[in-house]
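Asker: Data: protein_7.cif, mmCIF, C-alpha atoms and all ligand atoms.
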```
data_start
#
loop_
_atom_site.label_atom_id
_atom_site.label_comp_id
_atom_site.auth_asym_id
_atom_site.auth_seq_id
_atom_site.Cartn_x
_atom_site.Cartn_y
_atom_site.Cartn_z
CA MET A 113 10.49 -49.70 -17.47
CA TYR A 114 7.93 -47.19 -16.30
CA PRO A 115 7.86 -44.35 -13.77
CA LEU A 116 6.58 -45.60 -10.42
CA ILE A 117 4.88 -42.31 -9.71
CA ARG A 118 3.19 -40.28 -12.41
CA ASN A 119 2.68 -36.71 -11.21
CA ARG A 120 1.00 -35.88 -14.50
CA ARG A 121 -2.15 -37.72 -13.40
CA LEU A 122 -3.03 -34.77 -11.17
CA ARG A 123 -2.58 -32.43 -14.13
CA SER A 124 -4.43 -34.45 -16.71
CA SER A 125 -7.74 -32.58 -16.81
CA GLU A 126 -9.11 -29.21 -15.88
CA ALA A 127 -11.34 -30.83 -13.26
CA VAL A 128 -8.51 -32.54 -11.46
CA ARG A 129 -6.28 -29.46 -11.70
CA ASN A 130 -9.05 -27.40 -10.14
CA MET A 131 -9.51 -30.02 -7.43
CA VAL A 132 -5.89 -30.09 -6.29
CA ARG A 133 -5.03 -26.41 -6.78
CA GLU A 134 -3.27 -25.13 -3.64
CA THR A 135 -3.73 -21.40 -3.99
CA ILE A 136 -6.86 -19.55 -5.06
CA ILE A 137 -7.15 -15.78 -5.04
CA SER A 138 -10.46 -14.23 -4.11
CA PRO A 139 -11.92 -10.71 -3.88
CA SER A 140 -11.55 -10.63 -0.09
CA ASP A 141 -7.75 -10.89 -0.44
CA PHE A 142 -7.54 -7.43 -1.94
CA LEU A 143 -6.92 -3.98 -0.64
CA VAL A 144 -7.60 -1.37 -3.33
CA PRO A 145 -5.32 1.69 -3.37
CA LEU A 146 -7.17 4.90 -4.29
CA PHE A 147 -5.72 8.30 -5.18
CA VAL A 148 -7.79 11.31 -4.15
CA VAL A 149 -7.48 14.90 -5.44
CA GLU A 150 -9.14 18.21 -4.63
CA GLY A 151 -11.87 19.53 -6.92
CA LYS A 152 -15.07 18.30 -8.46
CA GLY A 153 -15.81 15.94 -11.32
CA ILE A 154 -12.17 14.95 -11.61
CA LYS A 155 -11.08 11.57 -12.91
CA GLU A 156 -7.58 12.01 -14.33
CA GLU A 157 -5.63 9.10 -15.69
CA ILE A 158 -2.12 8.79 -14.23
CA ALA A 159 0.32 8.93 -17.15
CA SER A 160 2.59 6.13 -15.93
CA MET A 161 -0.33 4.01 -14.63
CA PRO A 162 -2.67 3.41 -17.60
CA ASN A 163 -6.32 2.95 -16.62
CA TYR A 164 -5.67 4.14 -13.05
CA TYR A 165 -7.03 7.50 -11.93
CA ARG A 166 -6.90 10.33 -9.45
CA LEU A 167 -10.44 10.97 -8.21
CA SER A 168 -12.14 13.96 -6.64
CA LEU A 169 -14.43 13.23 -3.69
CA ASP A 170 -17.61 12.98 -5.80
CA ASN A 171 -15.99 10.38 -8.04
CA LEU A 172 -14.54 8.65 -4.99
CA THR A 173 -18.12 8.05 -3.87
CA LYS A 174 -18.96 6.44 -7.22
CA GLU A 175 -15.80 4.37 -7.23
CA VAL A 176 -16.23 2.87 -3.76
CA LYS A 177 -19.85 1.99 -4.47
CA GLU A 178 -18.70 0.16 -7.58
CA LEU A 179 -15.91 -1.61 -5.68
CA TRP A 180 -18.35 -2.65 -2.98
CA LYS A 181 -20.68 -4.21 -5.54
CA MET A 182 -17.76 -6.08 -7.10
CA GLY A 183 -16.94 -7.65 -3.75
CA LEU A 184 -13.94 -5.43 -3.07
CA HIS A 185 -14.49 -4.32 0.52
CA SER A 186 -11.21 -2.69 1.59
CA VAL A 187 -9.52 0.45 0.35
CA LEU A 188 -6.19 2.13 1.05
CA LEU A 189 -6.38 5.90 0.67
CA PHE A 190 -3.72 8.29 -0.63
CA VAL A 191 -4.10 11.99 -1.30
CA LYS A 192 -2.50 14.38 -3.77
CA VAL A 193 -1.94 17.65 -1.98
CA PRO A 194 -1.51 20.97 -3.84
CA ASP A 195 2.00 22.48 -3.52
CA SER A 196 0.57 25.54 -1.77
CA LEU A 197 -0.40 23.35 1.21
CA LYS A 198 2.96 21.58 1.52
CA ASP A 199 5.59 22.40 4.15
CA ASN A 200 8.50 20.67 5.85
CA SER A 201 6.54 19.28 8.78
CA GLY A 202 3.45 18.26 6.82
CA SER A 203 1.14 20.42 8.91
CA GLU A 204 -1.72 20.02 6.39
CA ALA A 205 -1.76 16.33 7.33
CA LEU A 206 -3.34 17.32 10.65
CA ASN A 207 -6.07 19.50 9.17
CA GLU A 208 -9.40 18.10 10.36
CA ASN A 209 -10.96 19.24 7.09
CA GLY A 210 -8.00 18.18 4.99
CA LEU A 211 -8.39 16.03 1.90
CA MET A 212 -7.56 12.73 3.63
CA GLN A 213 -9.97 13.40 6.48
CA LEU A 214 -12.72 14.29 3.99
CA ALA A 215 -11.90 11.25 1.87
CA ILE A 216 -12.29 8.92 4.86
CA LYS A 217 -15.69 10.43 5.65
CA THR A 218 -16.72 10.29 1.99
CA VAL A 219 -15.96 6.57 1.77
CA LYS A 220 -17.74 5.81 5.06
CA ASN A 221 -20.76 7.82 3.91
CA ALA A 222 -20.94 6.00 0.59
CA CYS A 223 -20.26 2.51 2.01
CA PRO A 224 -20.43 2.36 5.80
CA ASP A 225 -19.01 -1.18 5.93
CA MET A 226 -16.08 -0.55 3.60
CA LEU A 227 -12.80 -1.18 5.47
CA VAL A 228 -10.84 2.06 5.25
CA MET A 229 -7.08 2.12 5.62
CA THR A 230 -5.04 5.29 5.29
CA ASP A 231 -1.45 5.99 4.32
CA VAL A 232 0.49 7.60 7.13
CA ALA A 233 3.69 9.34 6.00
CA LEU A 234 4.59 12.95 5.34
CA ASP A 235 5.63 12.69 1.68
CA PRO A 236 2.42 13.88 -0.01
CA TYR A 237 2.38 16.84 2.39
CA SER A 238 6.11 17.54 2.41
CA SER A 239 7.56 20.40 0.38
CA TYR A 240 10.68 18.21 0.10
CA GLY A 241 8.93 14.98 -0.83
CA HIS A 242 10.18 13.09 2.21
CA ASP A 243 8.31 10.83 4.60
CA GLY A 244 9.67 12.76 7.58
CA ILE A 245 10.89 16.23 8.55
CA VAL A 246 14.11 17.36 6.86
CA SER A 247 16.84 19.24 8.70
CA ASN A 248 20.44 19.85 7.58
CA GLY A 249 20.33 17.12 4.99
CA GLN A 250 18.88 14.57 7.44
CA ILE A 251 15.45 13.11 8.01
CA LEU A 252 14.67 13.68 11.68
CA ASN A 253 13.35 10.49 13.27
CA ASP A 254 11.73 11.32 16.61
CA GLU A 255 10.25 14.66 15.52
CA SER A 256 8.71 12.95 12.48
CA VAL A 257 7.27 10.16 14.62
CA GLU A 258 5.45 12.75 16.73
CA VAL A 259 3.71 14.17 13.65
CA LEU A 260 2.91 10.67 12.35
CA ALA A 261 1.22 9.80 15.65
CA GLU A 262 -0.89 12.98 15.50
CA MET A 263 -1.71 12.22 11.88
CA SER A 264 -2.87 8.75 12.88
CA ILE A 265 -5.17 10.20 15.54
CA SER A 266 -6.60 12.59 12.98
CA HIS A 267 -7.35 9.69 10.59
CA ALA A 268 -8.90 7.62 13.38
CA LYS A 269 -11.06 10.57 14.38
CA ALA A 270 -12.29 10.91 10.79
CA GLY A 271 -13.28 7.23 10.82
CA ALA A 272 -10.34 5.22 9.49
CA ASP A 273 -10.41 1.55 10.52
CA PHE A 274 -6.67 1.07 10.09
CA VAL A 275 -3.76 3.43 9.74
CA ALA A 276 -0.93 2.25 7.53
CA PRO A 277 2.38 3.92 8.38
CA SER A 278 4.59 3.72 5.29
CA ASP A 279 7.38 5.99 6.50
CA MET A 280 9.94 3.53 8.00
CA MET A 281 10.91 5.81 10.92
CA ASP A 282 12.13 3.92 14.00
CA GLY A 283 9.67 3.47 16.83
CA ARG A 284 6.66 4.83 14.99
CA ILE A 285 4.43 1.83 15.55
CA LEU A 286 4.79 2.07 19.33
CA SER A 287 4.20 5.83 19.32
CA ILE A 288 1.15 5.48 17.09
CA ARG A 289 -0.27 2.60 19.15
CA GLU A 290 0.18 4.54 22.39
CA ALA A 291 -1.35 7.67 20.92
CA LEU A 292 -4.38 5.74 19.63
CA GLU A 293 -4.88 4.05 23.00
CA ASP A 294 -4.50 7.34 24.90
CA GLU A 295 -7.14 8.96 22.72
CA GLY A 296 -9.55 6.05 23.10
CA TYR A 297 -9.15 4.64 19.57
CA ILE A 298 -8.60 1.17 20.91
CA ASN A 299 -10.16 -0.52 17.88
CA THR A 300 -8.21 1.37 15.24
CA GLY A 301 -5.74 -1.09 13.76
CA ILE A 302 -2.22 -0.61 12.46
CA MET A 303 -1.01 -2.14 9.22
CA ALA A 304 2.73 -1.50 9.36
CA TYR A 305 4.81 -1.24 6.24
CA SER A 306 7.45 -3.27 8.04
CA ALA A 307 9.81 -4.42 5.32
CA LYS A 308 9.59 -1.51 2.95
CA TYR A 309 12.50 -1.39 0.57
CA ALA A 310 14.04 1.65 -1.09
CA SER A 311 12.76 0.68 -4.51
CA ALA A 312 12.84 2.14 -8.00
CA PHE A 313 9.42 0.54 -8.50
CA TYR A 314 7.69 3.43 -6.69
CA GLY A 315 8.27 5.82 -9.62
CA PRO A 316 4.72 5.88 -11.06
CA PHE A 317 3.21 6.33 -7.58
CA ARG A 318 5.35 9.42 -7.04
CA ASP A 319 4.08 10.72 -10.40
CA ALA A 320 0.51 10.06 -9.27
CA LEU A 321 0.90 12.11 -6.10
CA ASP A 322 3.68 14.44 -7.23
CA SER A 323 5.52 13.30 -4.12
CA ALA A 324 9.07 12.51 -5.28
CA PRO A 325 11.98 13.90 -3.23
CA VAL A 326 12.85 17.32 -4.64
CA ASP A 327 16.24 18.17 -6.06
CA ILE A 328 17.43 20.98 -3.79
CA LYS A 329 20.67 21.43 -1.90
CA ASN A 330 20.73 19.86 1.56
CA VAL A 331 17.72 17.64 0.85
CA PRO A 332 18.47 13.92 0.39
CA LYS A 333 17.65 12.86 -3.18
CA ASP A 334 16.51 9.40 -2.20
CA LYS A 335 14.92 7.59 0.75
CA ASN A 336 17.88 5.30 1.46
CA THR A 337 18.37 6.51 5.05
CA TYR A 338 14.98 5.18 6.09
CA GLN A 339 13.70 2.64 3.55
CA MET A 340 15.55 -0.69 3.47
CA ASP A 341 18.44 -1.75 1.25
CA PHE A 342 17.08 -4.24 -1.27
CA ALA A 343 20.10 -6.45 -0.72
CA ASN A 344 18.97 -7.30 2.83
CA ARG A 345 17.01 -10.22 4.25
CA PHE A 346 17.71 -10.56 7.98
CA GLU A 347 16.95 -6.90 8.43
CA ALA A 348 13.44 -7.45 7.03
CA ILE A 349 12.71 -10.03 9.69
CA ARG A 350 14.09 -7.81 12.42
CA GLU A 351 12.03 -4.81 11.26
CA THR A 352 8.91 -6.96 11.11
CA GLN A 353 9.38 -8.54 14.54
CA MET A 354 9.95 -5.11 16.06
CA ASP A 355 6.77 -3.74 14.49
CA ILE A 356 4.80 -6.67 15.93
CA GLU A 357 6.30 -6.09 19.39
CA GLU A 358 5.37 -2.42 19.07
CA GLY A 359 1.75 -3.27 18.30
CA ALA A 360 1.27 -3.82 14.57
CA ASP A 361 -1.85 -5.87 13.74
CA ILE A 362 -0.80 -6.57 10.14
CA VAL A 363 2.72 -6.38 8.73
CA MET A 364 3.62 -5.64 5.15
CA VAL A 365 6.34 -6.43 2.67
CA LYS A 366 6.76 -4.02 -0.22
CA PRO A 367 7.24 -4.19 -3.23
CA GLY A 368 5.79 -7.57 -4.25
CA LEU A 369 7.26 -9.66 -7.00
CA CYS A 370 10.98 -9.08 -6.44
CA TYR A 371 10.54 -9.70 -2.71
CA LEU A 372 8.59 -12.96 -2.53
CA ASP A 373 11.53 -14.68 -0.81
CA ILE A 374 11.14 -12.13 1.99
CA VAL A 375 7.36 -12.69 2.08
CA ARG A 376 7.82 -16.42 2.56
CA GLU A 377 10.45 -15.99 5.26
CA ILE A 378 8.34 -13.52 7.17
CA LYS A 379 5.25 -15.69 6.79
CA ASN A 380 7.18 -18.60 8.32
CA GLU A 381 8.49 -16.42 11.11
CA VAL A 382 5.46 -14.48 12.38
CA ASP A 383 1.89 -15.22 13.38
CA VAL A 384 0.12 -12.01 12.38
CA PRO A 385 -1.42 -11.53 8.90
CA VAL A 386 1.10 -10.57 6.23
CA ALA A 387 0.25 -8.02 3.55
CA VAL A 388 2.10 -7.56 0.27
CA TYR A 389 1.98 -4.39 -1.81
CA GLN A 390 2.25 -5.00 -5.53
CA VAL A 391 3.45 -1.49 -6.28
CA SER A 392 2.96 1.06 -9.04
CA GLY A 393 6.06 0.10 -11.03
CA GLU A 394 4.96 -3.52 -11.11
CA TYR A 395 1.60 -2.39 -12.46
CA ALA A 396 3.22 -0.12 -15.04
CA MET A 397 5.51 -2.88 -16.36
CA VAL A 398 2.63 -5.25 -17.03
CA LYS A 399 0.52 -2.53 -18.65
CA ALA A 400 3.39 -1.40 -20.90
CA ALA A 401 4.32 -4.89 -22.05
CA ALA A 402 0.67 -5.77 -22.67
CA GLU A 403 0.13 -2.58 -24.65
CA LYS A 404 2.98 -3.59 -26.93
CA GLY A 405 1.45 -7.01 -27.35
CA TRP A 406 4.48 -8.64 -25.73
CA LEU A 407 2.66 -10.23 -22.78
CA ASN A 408 -0.84 -11.56 -22.24
CA HIS A 409 -2.15 -9.03 -19.72
CA ASP A 410 -4.80 -11.11 -17.98
CA ALA A 411 -2.71 -14.26 -17.78
CA VAL A 412 0.28 -12.40 -16.34
CA VAL A 413 -1.88 -10.57 -13.79
CA MET A 414 -3.36 -13.83 -12.48
CA GLU A 415 0.02 -15.55 -12.42
CA GLN A 416 1.69 -12.74 -10.48
CA LEU A 417 -1.10 -12.34 -7.95
CA THR A 418 -1.39 -16.07 -7.37
CA ALA A 419 2.38 -16.18 -6.84
CA ILE A 420 2.12 -13.38 -4.27
CA LYS A 421 -0.54 -15.31 -2.37
CA ARG A 422 1.36 -18.60 -2.72
CA ALA A 423 4.40 -16.91 -1.17
CA GLY A 424 2.36 -16.19 1.95
CA ALA A 425 0.35 -13.00 1.48
CA ASN A 426 -2.92 -12.83 3.44
CA VAL A 427 -3.69 -9.36 2.14
CA ILE A 428 -2.69 -8.01 -1.28
CA ALA A 429 -2.67 -4.31 -2.06
CA SER A 430 -2.88 -4.15 -5.84
CA TYR A 431 -3.89 -1.79 -8.62
CA PHE A 432 -5.12 -4.88 -10.49
CA ALA A 433 -7.92 -5.69 -8.01
CA LYS A 434 -10.71 -4.69 -10.41
CA ASP A 435 -8.98 -6.49 -13.29
CA VAL A 436 -8.91 -9.65 -11.20
CA ILE A 437 -12.66 -9.50 -10.62
CA ARG A 438 -13.23 -8.98 -14.35
CA ILE A 439 -10.87 -11.83 -15.26
CA MET A 440 -12.42 -14.23 -12.76
CA GLY A 441 -15.80 -13.32 -14.26
C1 LIG B 501 4.60 6.89 0.72
C2 LIG B 501 4.30 5.68 -0.08
C3 LIG B 501 4.93 5.26 -1.26
C4 LIG B 501 4.21 4.16 -1.72
C5 LIG B 501 3.22 3.90 -0.79
N1 LIG B 501 3.29 4.84 0.23
C6 LIG B 501 6.03 5.86 -2.04
C7 LIG B 501 7.36 6.02 -1.45
O1 LIG B 501 7.67 5.50 -0.37
O2 LIG B 501 8.13 6.76 -2.05
C8 LIG B 501 4.50 3.44 -3.01
C9 LIG B 501 3.36 2.69 -3.61
C10 LIG B 501 3.52 2.34 -5.04
O3 LIG B 501 4.56 2.55 -5.68
O4 LIG B 501 2.53 1.81 -5.58
N2 LIG B 501 5.37 6.76 1.83
#
```
Please go through the file and, once you have read it, give me the structure as structure tokens.
Ligand code: PBG

Answerer:
Amino acid sequence: MYPLIRNRRLRSSEAVRNMVRETIISPSDFLVPLFVVEGKGIKEEIASMPNYYRLSLDNLTKEVKELWKMGLHSVLLFVKVPDSLKDNSGSEALNENGLMQLAIKTVKNACPDMLVMTDVALDPYSSYGHDGIVSNGQILNDESVEVLAEMSISHAKAGADFVAPSDMMDGRILSIREALEDEGYINTGIMAYSAKYASAFYGPFRDALDSAPVDIKNVPKDKNTYQMDFANRFEAIRETQMDIEEGADIVMVKPGLCYLDIVREIKNEVDVPVAVYQVSGEYAMVKAAAEKGWLNHDAVVMEQLTAIKRAGANVIASYFAKDVIRIMG
């Protein structure tokens, strides 16, 4: 008696394993999130994201040059806005000389060919820490969408290649697409956070930007009325199809690891590139376990990112991008 088929033959040496490997991650898969702060000479480590930093514009220049040399050619920009500039409608988001607008120009100056994507949502600018305008305990949809469209124009004007609306308001992709077309930004793309779940994994990111919903009366304490319920699947497909119909060039699923079933379903369903955001909490978990010596950092990083790509990601936003380059040698 012997097995008719021996699958172990294709696993029997490193050479054959390398030959038949189905999924290989490479530097061009990655989109590197960067956190920008006001000031000069600032490189502050984020407490809940070890070895990840908030950078002032001068250090942003250094960082993107380094990324470029490493083969990392796309960045996703976020800004930390001082409290004194925050209000309910995020008016600082439209400031032509605001931090985001300056950050876009800084990156393009340092590396003209770097692909620049920008986060579009009100939370870093909102005195209440919400992605939209708050009124009577509600997040106003249509009024928020208007600001998000203006914000997108402002980013396009500053030189962004893609805007990435992460707010989950209804109809924002169509409004942003129309606004970009009307203003002549026909080549500015939209990467829509299409299936963005209300997730506890965003905690460290909200520390990084000081953007968590505030605890005041008549302000919702969570984002459950606009981000998706993590129990839902069909809704993710519906959200994604709608964003594509409204003009999204790339759609995103977020967070990563807990949502790879959704990534695969969406990948099978749509024909635009699919992005996955491996979020701050996922990063923090690996760092914490590795620090304790409980997990092998590099091995776990490669396994998780390969799994994300295997599930169907064409683009991966990850805080581990530089680690991957180091690990791959
Ligand atoms: C803002 C935004 C968030 C993230 C990306 N854009 C936070 C949130 O929705 O509260 C999370 C990213 C991460 O956790 O790494 N709309």

Asker: Produce as number ranges by chain the set of residues near ligand LIG 501 (chain B), where near means within 6 Å with all atoms listed in the file considered.

Answerer: A: 233, 235, 243, 278-279, 313-314, 317, 391-392

Asker: Which of these residues is nearest to Lys217 (chain A), using only C-alpha atoms: A:Asp141, A:Asp410, A:Asp273, A:Asp294?

Answerer: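 Of A:Asp141, A:Asp410, A:Asp273, A:Asp294, the one nearest Lys217 (chain A), counting only C-alpha atoms, is A:Asp273.
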
Asker: Can you list, as a list in words, every protein, DNA or RNA residue that comes within 10 Å of region 134-140 of chain A when you count only C-alpha atoms, leaving out same-chain residues fewer than 4 positions away?

Answerer: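 Answer for this query is Arg129, Asn130, Met182, Gly183, Leu184, His185, Ser186, Met414, Leu417, Thr418, Ala419, Ile420, Lys421, Arg422, Ala423, Gly424, Asn426, Val427, Ile428, Ala433, Lys434, Val436, Ile437 and Met440 of chain A.
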
Asker: What does the structure give for the distance between CA of Gln339 (chain A) and CA of Pro162 (chain A), in Å to one decimal?

Answerer: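 These two atoms are separated by 26.8 Å.
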
Asker: So how many Å separate CA of Arg166 (chain A) and CA of Trp406 (chain A), to one decimal?

Answerer: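 CA of Trp406 (chain A) lies 27.5 Å from CA of Arg166 (chain A).
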
Asker: What does the structure give for the distance between CA of Ala360 (chain A) and CA of Met212 (chain A), in Å to one decimal?

Answerer: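 Result for CA of Ala360 (chain A) versus CA of Met212 (chain A): 21.7 Å, one decimal.
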
Asker: Using all atoms of region 230-247 of chain A that appear in the file, construct an axis-aligned enclosing box with 4 Å of padding on every side and provide its centre coordinates and edge lengths in Å, rounded to one decimal, as JSON.

Answerer:
```
{"center_x": 5.9, "center_y": 12.8, "center_z": 3.9, "size_x": 29.9, "size_y": 23.1, "size_z": 17.5}
```

Asker: Could you tell me which of A:Met303, A:Val232, A:Leu407, A:Val413 comes closest to Ile439 (chain A) if we count all atoms listed in the file?

Answerer: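 Using all atoms listed in the file, the shortest distance to Ile439 (chain A) belongs to A:Val413.
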
Asker: For a cutoff of 12 Å around the file-coordinate point (17.4, 14.7, 10.7), which residues qualify once you count only C-alpha atoms? I'd like the result as a list in words.

Answerer: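 Counting only C-alpha atoms, I find these residues within 12 Å of (17.4, 14.7, 10.7): Asn200, Ser201, His242, Asp243, Gly244, Ile245, Val246, Ser247, Asn248, Gly249, Gln250, Ile251, Leu252, Asn253, Asp254, Glu255, Ser256, Val257, Met281, Asn330, Val331, Pro332, Thr337 and Tyr338 of chain A.
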
Asker: Rank A:Asn344, A:Thr230, A:Ser311, A:Gln353 by their smallest atom-to-atom distance to Leu214 (chain A), using only C-alpha atoms, and report the top residue only.

Answerer: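 With only C-alpha atoms as the atom set, the closest residue is A:Thr230.
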
Asker: My list of candidates is A:Met397, A:Met226, A:Asp361, A:Pro115. Which is closest to Glu178 (chain A) when distances are computed with only C-alpha atoms?

Answerer: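 The shortest atom-to-atom distance to Glu178 (chain A) comes from A:Met226.
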
Asker: Closest to Tyr431 (chain A) among A:Leu143, A:Ala411, A:Ala276, A:Leu197, using only C-alpha atoms?

Answerer: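 Nearest to Tyr431 (chain A): A:Leu143.
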
Asker: Name the closest residue to Val259 (chain A) among the candidates A:Leu122, A:Leu206, A:Val363, A:Met229; distances are taken between atoms, counting only C-alpha atoms.

Answerer: A:Leu206

Asker: Quick one: residues within 7 Å of Ala429 (chain A), all atoms listed in the file counted, chain neighbours fewer than 2 positions away excluded, as an MDAnalysis selection string?

Answerer: chainID A and resid 142:145 388:390 427

Asker: Mind listing whatever residues come within 9 Å of the point (3.9, 9.2, 22.0)? Use all atoms listed in the file, file coordinates, and give them as a PDB file with C-alpha atoms, keeping the file's coordinate frame.

Answerer:
```pdb
ATOM      1  CA  VAL A 257       7.270  10.160  14.620  1.00  0.00           C
ATOM      2  CA  GLU A 258       5.450  12.750  16.730  1.00  0.00           C
ATOM      3  CA  ALA A 261       1.220   9.800  15.650  1.00  0.00           C
ATOM      4  CA  GLU A 262      -0.890  12.980  15.500  1.00  0.00           C
ATOM      5  CA  ARG A 284       6.660   4.830  14.990  1.00  0.00           C
ATOM      6  CA  LEU A 286       4.790   2.070  19.330  1.00  0.00           C
ATOM      7  CA  SER A 287       4.200   5.830  19.320  1.00  0.00           C
ATOM      8  CA  ILE A 288       1.150   5.480  17.090  1.00  0.00           C
ATOM      9  CA  ARG A 289      -0.270   2.600  19.150  1.00  0.00           C
ATOM     10  CA  GLU A 290       0.180   4.540  22.390  1.00  0.00           C
ATOM     11  CA  ALA A 291      -1.350   7.670  20.920  1.00  0.00           C
TER      12      ALA A 291
END
```

Asker: Could you add N, CA and C atoms to region 229-245 of chain A and give me the result as a PDB file, keeping the file's coordinate frame?

Answerer:
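result_20.pdb, written as the output of this step:
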```pdb
ATOM      1  N   MET A 229      -8.447   1.985   5.115  1.00  0.00           N
ATOM      2  CA  MET A 229      -7.080   2.120   5.620  1.00  0.00           C
ATOM      3  C   MET A 229      -6.476   3.386   5.015  1.00  0.00           C
ATOM      4  N   THR A 230      -5.600   4.023   5.770  1.00  0.00           N
ATOM      5  CA  THR A 230      -5.040   5.290   5.290  1.00  0.00           C
ATOM      6  C   THR A 230      -3.511   5.266   5.329  1.00  0.00           C
ATOM      7  N   ASP A 231      -2.911   5.883   4.340  1.00  0.00           N
ATOM      8  CA  ASP A 231      -1.450   5.990   4.320  1.00  0.00           C
ATOM      9  C   ASP A 231      -1.010   7.028   5.338  1.00  0.00           C
ATOM     10  N   VAL A 232      -0.064   6.654   6.170  1.00  0.00           N
ATOM     11  CA  VAL A 232       0.490   7.600   7.130  1.00  0.00           C
ATOM     12  C   VAL A 232       1.979   7.781   6.840  1.00  0.00           C
ATOM     13  N   ALA A 233       2.312   8.931   6.288  1.00  0.00           N
ATOM     14  CA  ALA A 233       3.690   9.340   6.000  1.00  0.00           C
ATOM     15  C   ALA A 233       3.584  10.790   5.562  1.00  0.00           C
ATOM     16  N   LEU A 234       4.693  11.523   5.653  1.00  0.00           N
ATOM     17  CA  LEU A 234       4.590  12.950   5.340  1.00  0.00           C
ATOM     18  C   LEU A 234       4.741  13.278   3.856  1.00  0.00           C
ATOM     19  N   ASP A 235       5.230  12.324   3.056  1.00  0.00           N
ATOM     20  CA  ASP A 235       5.630  12.690   1.680  1.00  0.00           C
ATOM     21  C   ASP A 235       4.597  13.451   0.840  1.00  0.00           C
ATOM     22  N   PRO A 236       3.326  13.083   0.841  1.00  0.00           N
ATOM     23  CA  PRO A 236       2.420  13.880  -0.010  1.00  0.00           C
ATOM     24  C   PRO A 236       2.220  15.297   0.495  1.00  0.00           C
ATOM     25  N   TYR A 237       2.553  15.523   1.751  1.00  0.00           N
ATOM     26  CA  TYR A 237       2.380  16.840   2.390  1.00  0.00           C
ATOM     27  C   TYR A 237       3.678  17.623   2.503  1.00  0.00           C
ATOM     28  N   SER A 238       4.790  16.950   2.153  1.00  0.00           N
ATOM     29  CA  SER A 238       6.110  17.540   2.410  1.00  0.00           C
ATOM     30  C   SER A 238       6.597  18.346   1.218  1.00  0.00           C
ATOM     31  N   SER A 239       7.034  19.581   1.480  1.00  0.00           N
ATOM     32  CA  SER A 239       7.560  20.400   0.380  1.00  0.00           C
ATOM     33  C   SER A 239       8.843  19.776  -0.170  1.00  0.00           C
ATOM     34  N   TYR A 240       9.461  18.862   0.582  1.00  0.00           N
ATOM     35  CA  TYR A 240      10.680  18.210   0.100  1.00  0.00           C
ATOM     36  C   TYR A 240      10.437  16.801  -0.438  1.00  0.00           C
ATOM     37  N   GLY A 241       9.220  16.331  -0.330  1.00  0.00           N
ATOM     38  CA  GLY A 241       8.930  14.980  -0.830  1.00  0.00           C
ATOM     39  C   GLY A 241       9.511  13.868   0.023  1.00  0.00           C
ATOM     40  N   HIS A 242       9.689  14.142   1.318  1.00  0.00           N
ATOM     41  CA  HIS A 242      10.180  13.090   2.210  1.00  0.00           C
ATOM     42  C   HIS A 242       9.112  12.645   3.198  1.00  0.00           C
ATOM     43  N   ASP A 243       9.303  11.408   3.693  1.00  0.00           N
ATOM     44  CA  ASP A 243       8.310  10.830   4.600  1.00  0.00           C
ATOM     45  C   ASP A 243       8.402  11.409   6.000  1.00  0.00           C
ATOM     46  N   GLY A 244       9.484  12.148   6.276  1.00  0.00           N
ATOM     47  CA  GLY A 244       9.670  12.760   7.580  1.00  0.00           C
ATOM     48  C   GLY A 244      10.165  14.196   7.409  1.00  0.00           C
ATOM     49  N   ILE A 245      10.435  14.832   8.553  1.00  0.00           N
ATOM     50  CA  ILE A 245      10.890  16.230   8.550  1.00  0.00           C
ATOM     51  C   ILE A 245      12.378  16.291   8.192  1.00  0.00           C
TER      52      ILE A 245
END
```
